[in-house]
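Trainee: File entry.cif below, mmCIF, C-alpha atoms and all ligand atoms:
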```cif
data_protein
#
loop_
_atom_site.label_atom_id
_atom_site.label_comp_id
_atom_site.auth_asym_id
_atom_site.auth_seq_id
_atom_site.Cartn_x
_atom_site.Cartn_y
_atom_site.Cartn_z
CA MET X 1197 38.48 -11.85 34.93
CA HIS X 1198 36.43 -10.60 32.05
CA SER X 1199 33.09 -12.06 31.14
CA ILE X 1200 33.13 -14.09 27.97
CA GLN X 1201 31.68 -12.21 25.07
CA PHE X 1202 30.32 -14.09 22.12
CA ILE X 1203 31.14 -12.28 18.90
CA PRO X 1204 29.73 -14.14 15.98
CA SER X 1205 31.79 -14.01 12.82
CA ASP X 1206 30.28 -11.53 10.45
CA GLY X 1207 29.62 -13.97 7.65
CA LYS X 1208 27.92 -16.56 9.80
CA PHE X 1209 25.79 -14.02 11.60
CA ARG X 1210 24.47 -12.56 8.37
CA LEU X 1211 23.74 -15.95 6.90
CA ARG X 1212 21.67 -16.93 9.92
CA ILE X 1213 19.26 -13.99 9.81
CA PRO X 1214 17.38 -14.87 6.59
CA ALA X 1215 16.99 -18.49 7.64
CA PHE X 1216 15.69 -17.41 11.01
CA LEU X 1217 13.28 -14.90 9.47
CA THR X 1218 12.07 -17.48 6.99
CA ALA X 1219 11.42 -19.86 9.87
CA LEU X 1220 9.53 -17.12 11.68
CA PHE X 1221 7.40 -16.38 8.64
CA LEU X 1222 6.64 -20.05 8.18
CA ALA X 1223 5.85 -20.49 11.86
CA ALA X 1224 3.58 -17.46 11.82
CA PHE X 1225 1.88 -18.75 8.71
CA PHE X 1226 1.28 -22.21 10.07
CA ILE X 1227 0.08 -20.87 13.40
CA THR X 1228 -2.43 -18.53 11.76
CA SER X 1229 -3.55 -21.19 9.30
CA CYS X 1230 -4.22 -23.60 12.16
CA GLY X 1231 -7.00 -21.37 13.44
CA ASP X 1232 -8.68 -21.50 10.06
CA ASP X 1233 -10.23 -24.95 9.75
CA THR X 1234 -9.82 -25.37 6.00
CA SER X 1235 -7.28 -23.12 4.34
CA THR X 1236 -5.57 -25.52 1.95
CA GLY X 1237 -6.56 -28.31 -0.35
CA PRO X 1238 -9.18 -28.51 -3.05
CA ASP X 1239 -12.18 -28.78 -0.74
CA ILE X 1240 -12.07 -25.33 0.78
CA ASN X 1241 -15.40 -24.05 -0.46
CA ASP X 1242 -17.73 -26.03 1.77
CA ASN X 1243 -18.82 -23.16 3.99
CA GLY X 1244 -21.22 -20.78 2.38
CA ASP X 1245 -20.12 -17.44 3.80
CA SER X 1246 -19.21 -14.59 1.53
CA SER X 1247 -15.66 -14.03 2.75
CA ASP X 1248 -13.99 -17.27 1.72
CA GLU X 1249 -10.25 -17.52 1.66
CA ALA X 1250 -7.96 -20.04 0.09
CA VAL X 1251 -4.21 -20.52 0.29
CA ILE X 1252 -1.91 -21.84 -2.39
CA GLN X 1253 1.67 -22.65 -1.50
CA MET X 1254 4.61 -21.93 -3.75
CA VAL X 1255 6.85 -24.90 -3.12
CA GLY X 1256 10.02 -25.41 -5.10
CA GLN X 1257 9.01 -24.44 -8.64
CA SER X 1258 5.33 -25.30 -8.42
CA PHE X 1259 2.01 -24.07 -7.08
CA SER X 1260 0.32 -26.39 -4.60
CA PRO X 1261 -2.44 -27.13 -5.29
CA SER X 1262 -2.02 -26.14 -8.93
CA ASN X 1263 -5.73 -26.57 -9.66
CA LEU X 1264 -8.20 -25.04 -7.25
CA GLU X 1265 -11.94 -24.45 -7.36
CA VAL X 1266 -13.34 -21.61 -5.28
CA ASP X 1267 -16.61 -19.77 -4.82
CA ALA X 1268 -16.96 -16.36 -6.41
CA GLY X 1269 -15.76 -13.73 -3.96
CA THR X 1270 -12.96 -15.89 -2.58
CA THR X 1271 -9.66 -14.25 -1.78
CA VAL X 1272 -6.84 -16.51 -2.86
CA THR X 1273 -3.47 -16.02 -1.19
CA TRP X 1274 -0.31 -17.42 -2.72
CA GLN X 1275 2.27 -18.03 0.00
CA ASN X 1276 5.89 -18.31 -1.08
CA SER X 1277 7.19 -21.17 1.04
CA SER X 1278 10.12 -21.80 -1.27
CA ASP X 1279 13.56 -20.21 -1.21
CA MET X 1280 13.26 -18.41 -4.53
CA VAL X 1281 11.39 -15.46 -5.98
CA HIS X 1282 8.18 -16.26 -7.88
CA THR X 1283 5.39 -14.32 -9.55
CA VAL X 1284 1.66 -14.99 -9.79
CA THR X 1285 0.79 -13.73 -13.25
CA SER X 1286 -2.57 -14.25 -14.92
CA GLY X 1287 -2.66 -15.77 -18.38
CA SER X 1288 -1.88 -19.01 -20.14
CA ASP X 1289 0.92 -20.19 -22.41
CA ARG X 1290 3.12 -17.70 -20.58
CA GLU X 1291 1.20 -14.75 -22.03
CA HIS X 1292 0.05 -12.22 -19.44
CA ASP X 1293 -3.65 -11.33 -19.84
CA GLU X 1294 -3.47 -8.26 -17.56
CA LEU X 1295 -6.02 -9.52 -15.00
CA PHE X 1296 -3.52 -9.74 -12.17
CA ASN X 1297 0.22 -9.81 -11.66
CA SER X 1298 1.92 -10.04 -8.29
CA GLY X 1299 5.33 -8.83 -9.37
CA ASP X 1300 8.19 -10.49 -7.52
CA VAL X 1301 7.09 -12.41 -4.41
CA ALA X 1302 10.14 -13.01 -2.24
CA PRO X 1303 10.50 -16.11 -0.04
CA GLY X 1304 8.28 -15.73 3.02
CA ASN X 1305 6.02 -13.19 1.34
CA SER X 1306 2.59 -13.67 -0.15
CA TYR X 1307 0.23 -12.24 -2.75
CA SER X 1308 -3.58 -12.14 -2.64
CA PHE X 1309 -6.25 -11.68 -5.30
CA THR X 1310 -10.02 -11.74 -4.88
CA PHE X 1311 -11.90 -13.58 -7.63
CA THR X 1312 -15.28 -11.92 -8.11
CA ASP X 1313 -16.19 -13.25 -11.56
CA THR X 1314 -16.88 -16.89 -12.33
CA GLY X 1315 -14.75 -18.63 -14.90
CA THR X 1316 -11.46 -20.40 -15.39
CA PHE X 1317 -8.36 -18.37 -14.67
CA ASP X 1318 -4.94 -19.62 -15.68
CA TYR X 1319 -1.82 -18.14 -14.19
CA PHE X 1320 1.90 -18.77 -14.28
CA CYS X 1321 5.24 -17.74 -12.79
CA ILE X 1322 7.32 -15.50 -15.04
CA PRO X 1323 10.79 -16.74 -13.97
CA HIS X 1324 9.95 -20.46 -14.10
CA PRO X 1325 8.69 -22.10 -17.29
CA GLY X 1326 6.29 -24.88 -16.42
CA MET X 1327 5.27 -23.30 -13.12
CA ALA X 1328 1.57 -22.66 -13.64
CA GLY X 1329 -1.85 -23.17 -12.13
CA THR X 1330 -5.56 -22.70 -12.66
CA ILE X 1331 -8.27 -21.17 -10.47
CA THR X 1332 -11.82 -22.19 -11.32
CA VAL X 1333 -14.36 -19.79 -9.87
CA VAL X 1334 -17.92 -21.04 -9.48
CA GLU X 1335 -21.10 -19.34 -8.36
CA SER X 1336 -21.35 -19.39 -4.58
CA ASP X 1337 -24.43 -21.13 -3.18
CU CU N 1 8.45 -19.44 -9.89
#
```
So, in terms of structure tokens, how does the structure I just supplied come out?

Mentor:
Amino acid sequence: MHSIQFIPSDGKFRLRIPAFLTALFLAAFFITSCGDDTSTGPDINDNGDSSDEAVIQMVGQSFSPSNLEVDAGTTVTWQNSSDMVHTVTSGSDREHDELFNSGDVAPGNSYSFTFTDTGTFDYFCIPHPGMAGTITVVESD
């Protein structure tokens, strides 16, 4: 009597890995973001320390939140929670202004940029027309 050996079909096995990894990435992200009291939403700049962080989700073909105000010195991280590749590219009207450009951000990956200067910074996603957002950087108290 031989023990039963489970041999997954090649196609199914390969299809399951990315979904599993994506779930892992998401789980890891949500677990780490739980420890940080305020990592999403527009009201993230209520603590006055100099190492603020903010997270913007890429969901479907949009940035969430698409408009965010942060203190100068804040590191903004864009987390790709969608199932497609996006970019975080500075500029408006789909014209890159050379301030920052993430390149391709694959599902489950992220990109971070630290905003040191005050001002209004528009950005967009190269592959997806209409996918855009704005970071407003204000003087920290
Ligand atoms: Cu996109």

Trainee: From the set X:Gly1315, X:Gly1269, X:Pro1325, X:Gly1304, which residue has the shortest atom-to-atom contact distance to ligand CU 1 (chain N), counting all atoms listed in the file?

Mentor: X:Pro1325

Trainee: Which protein, DNA or RNA residues have an atom within 10 Å of ligand CU 1 (chain N), counting only C-alpha atoms and all ligand atoms, as a list of chain:residue names?

Mentor: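 Listing the residues within 10 Å of ligand CU 1 (chain N) gives X:Met1254, X:Val1255, X:Gly1256, X:Gln1257, X:Ser1258, X:Phe1259, X:Asn1276, X:Ser1278, X:Met1280, X:Val1281, X:His1282, X:Thr1283, X:Val1284, X:Asp1300, X:Val1301, X:Phe1320, X:Cys1321, X:Ile1322, X:Pro1323, X:His1324, X:Pro1325, X:Gly1326, X:Met1327, X:Ala1328.
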
Trainee: If you measure from CA of Tyr1307 in chain X to CA of Leu1295 in chain X, what distance in Å do you get, rounded to one decimal?

Mentor: 14.0 Å

Trainee: I'd like the interatomic distance between CA of His1292 in chain X and CA of Asp1248 in chain X, to a tenth of an Å.

Mentor: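 Here the two named atoms are 25.9 Å from each other.
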
Trainee: In Å, how far is it from CA of Val1251 in chain X to CA of Asn1263 in chain X?

Mentor: 11.7 Å

Trainee: Restricting the calculation to only C-alpha atoms, which member of X:Thr1332, X:Ser1277, X:Asn1297, X:Thr1271 is positioned closest to Phe1309 in chain X?

Mentor: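 Under the stated criterion, the closest residue is X:Thr1271.
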
Trainee: Name the residues within 9 Å of (-5.1, -15.2, -3.4), counting all atoms listed in the file in the file's coordinates, and put them as a PDB file with C-alpha atoms, in the frame of the given file.

Mentor:
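For reference, selection20.pdb as written:
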```
ATOM      1  CA  GLU X1249     -10.250 -17.520   1.660  1.00  0.00           C
ATOM      2  CA  ALA X1250      -7.960 -20.040   0.090  1.00  0.00           C
ATOM      3  CA  VAL X1251      -4.210 -20.520   0.290  1.00  0.00           C
ATOM      4  CA  ILE X1252      -1.910 -21.840  -2.390  1.00  0.00           C
ATOM      5  CA  THR X1270     -12.960 -15.890  -2.580  1.00  0.00           C
ATOM      6  CA  THR X1271      -9.660 -14.250  -1.780  1.00  0.00           C
ATOM      7  CA  VAL X1272      -6.840 -16.510  -2.860  1.00  0.00           C
ATOM      8  CA  THR X1273      -3.470 -16.020  -1.190  1.00  0.00           C
ATOM      9  CA  TRP X1274      -0.310 -17.420  -2.720  1.00  0.00           C
ATOM     10  CA  GLN X1275       2.270 -18.030   0.000  1.00  0.00           C
ATOM     11  CA  SER X1306       2.590 -13.670  -0.150  1.00  0.00           C
ATOM     12  CA  TYR X1307       0.230 -12.240  -2.750  1.00  0.00           C
ATOM     13  CA  SER X1308      -3.580 -12.140  -2.640  1.00  0.00           C
ATOM     14  CA  PHE X1309      -6.250 -11.680  -5.300  1.00  0.00           C
ATOM     15  CA  THR X1310     -10.020 -11.740  -4.880  1.00  0.00           C
ATOM     16  CA  PHE X1311     -11.900 -13.580  -7.630  1.00  0.00           C
TER      17      PHE X1311
END
```

Trainee: My list of candidates is X:Ser1336, X:Asn1305, X:Ser1247, X:Thr1330. Which is closest to Ser1288 in chain X when distances are computed with only C-alpha atoms?

Mentor: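 Result for the nearest residue to Ser1288 in chain X: X:Thr1330.
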
Trainee: Taking into account only C-alpha atoms, which residue in the set X:Asp1267, X:Ile1331, X:Asp1318, X:Thr1312 is nearest to Asp1293 in chain X?

Mentor: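 Among X:Asp1267, X:Ile1331, X:Asp1318, X:Thr1312, it is X:Asp1318 that comes nearest to Asp1293 in chain X.
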
Trainee: Which residues are close to Thr1314 in chain X, i.e. within 7 Å by all atoms listed in the file, leaving aside same-chain residues fewer than 5 positions away? Reply as a PDB file with C-alpha atoms, keeping the file's coordinate frame.

Mentor:
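The resulting selection13.pdb:
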```pdb
ATOM      1  CA  ALA X1268     -16.960 -16.360  -6.410  1.00  0.00           C
ATOM      2  CA  VAL X1333     -14.360 -19.790  -9.870  1.00  0.00           C
ATOM      3  CA  VAL X1334     -17.920 -21.040  -9.480  1.00  0.00           C
ATOM      4  CA  GLU X1335     -21.100 -19.340  -8.360  1.00  0.00           C
TER       5      GLU X1335
END
```

Trainee: Pick out the closest residue to Glu1294 in chain X from this set: X:Gly1329, X:Asp1313, X:Asp1279, X:Tyr1319. Count only C-alpha atoms.

Mentor: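 That would be X:Tyr1319, the residue with the smallest distance to Glu1294 in chain X.
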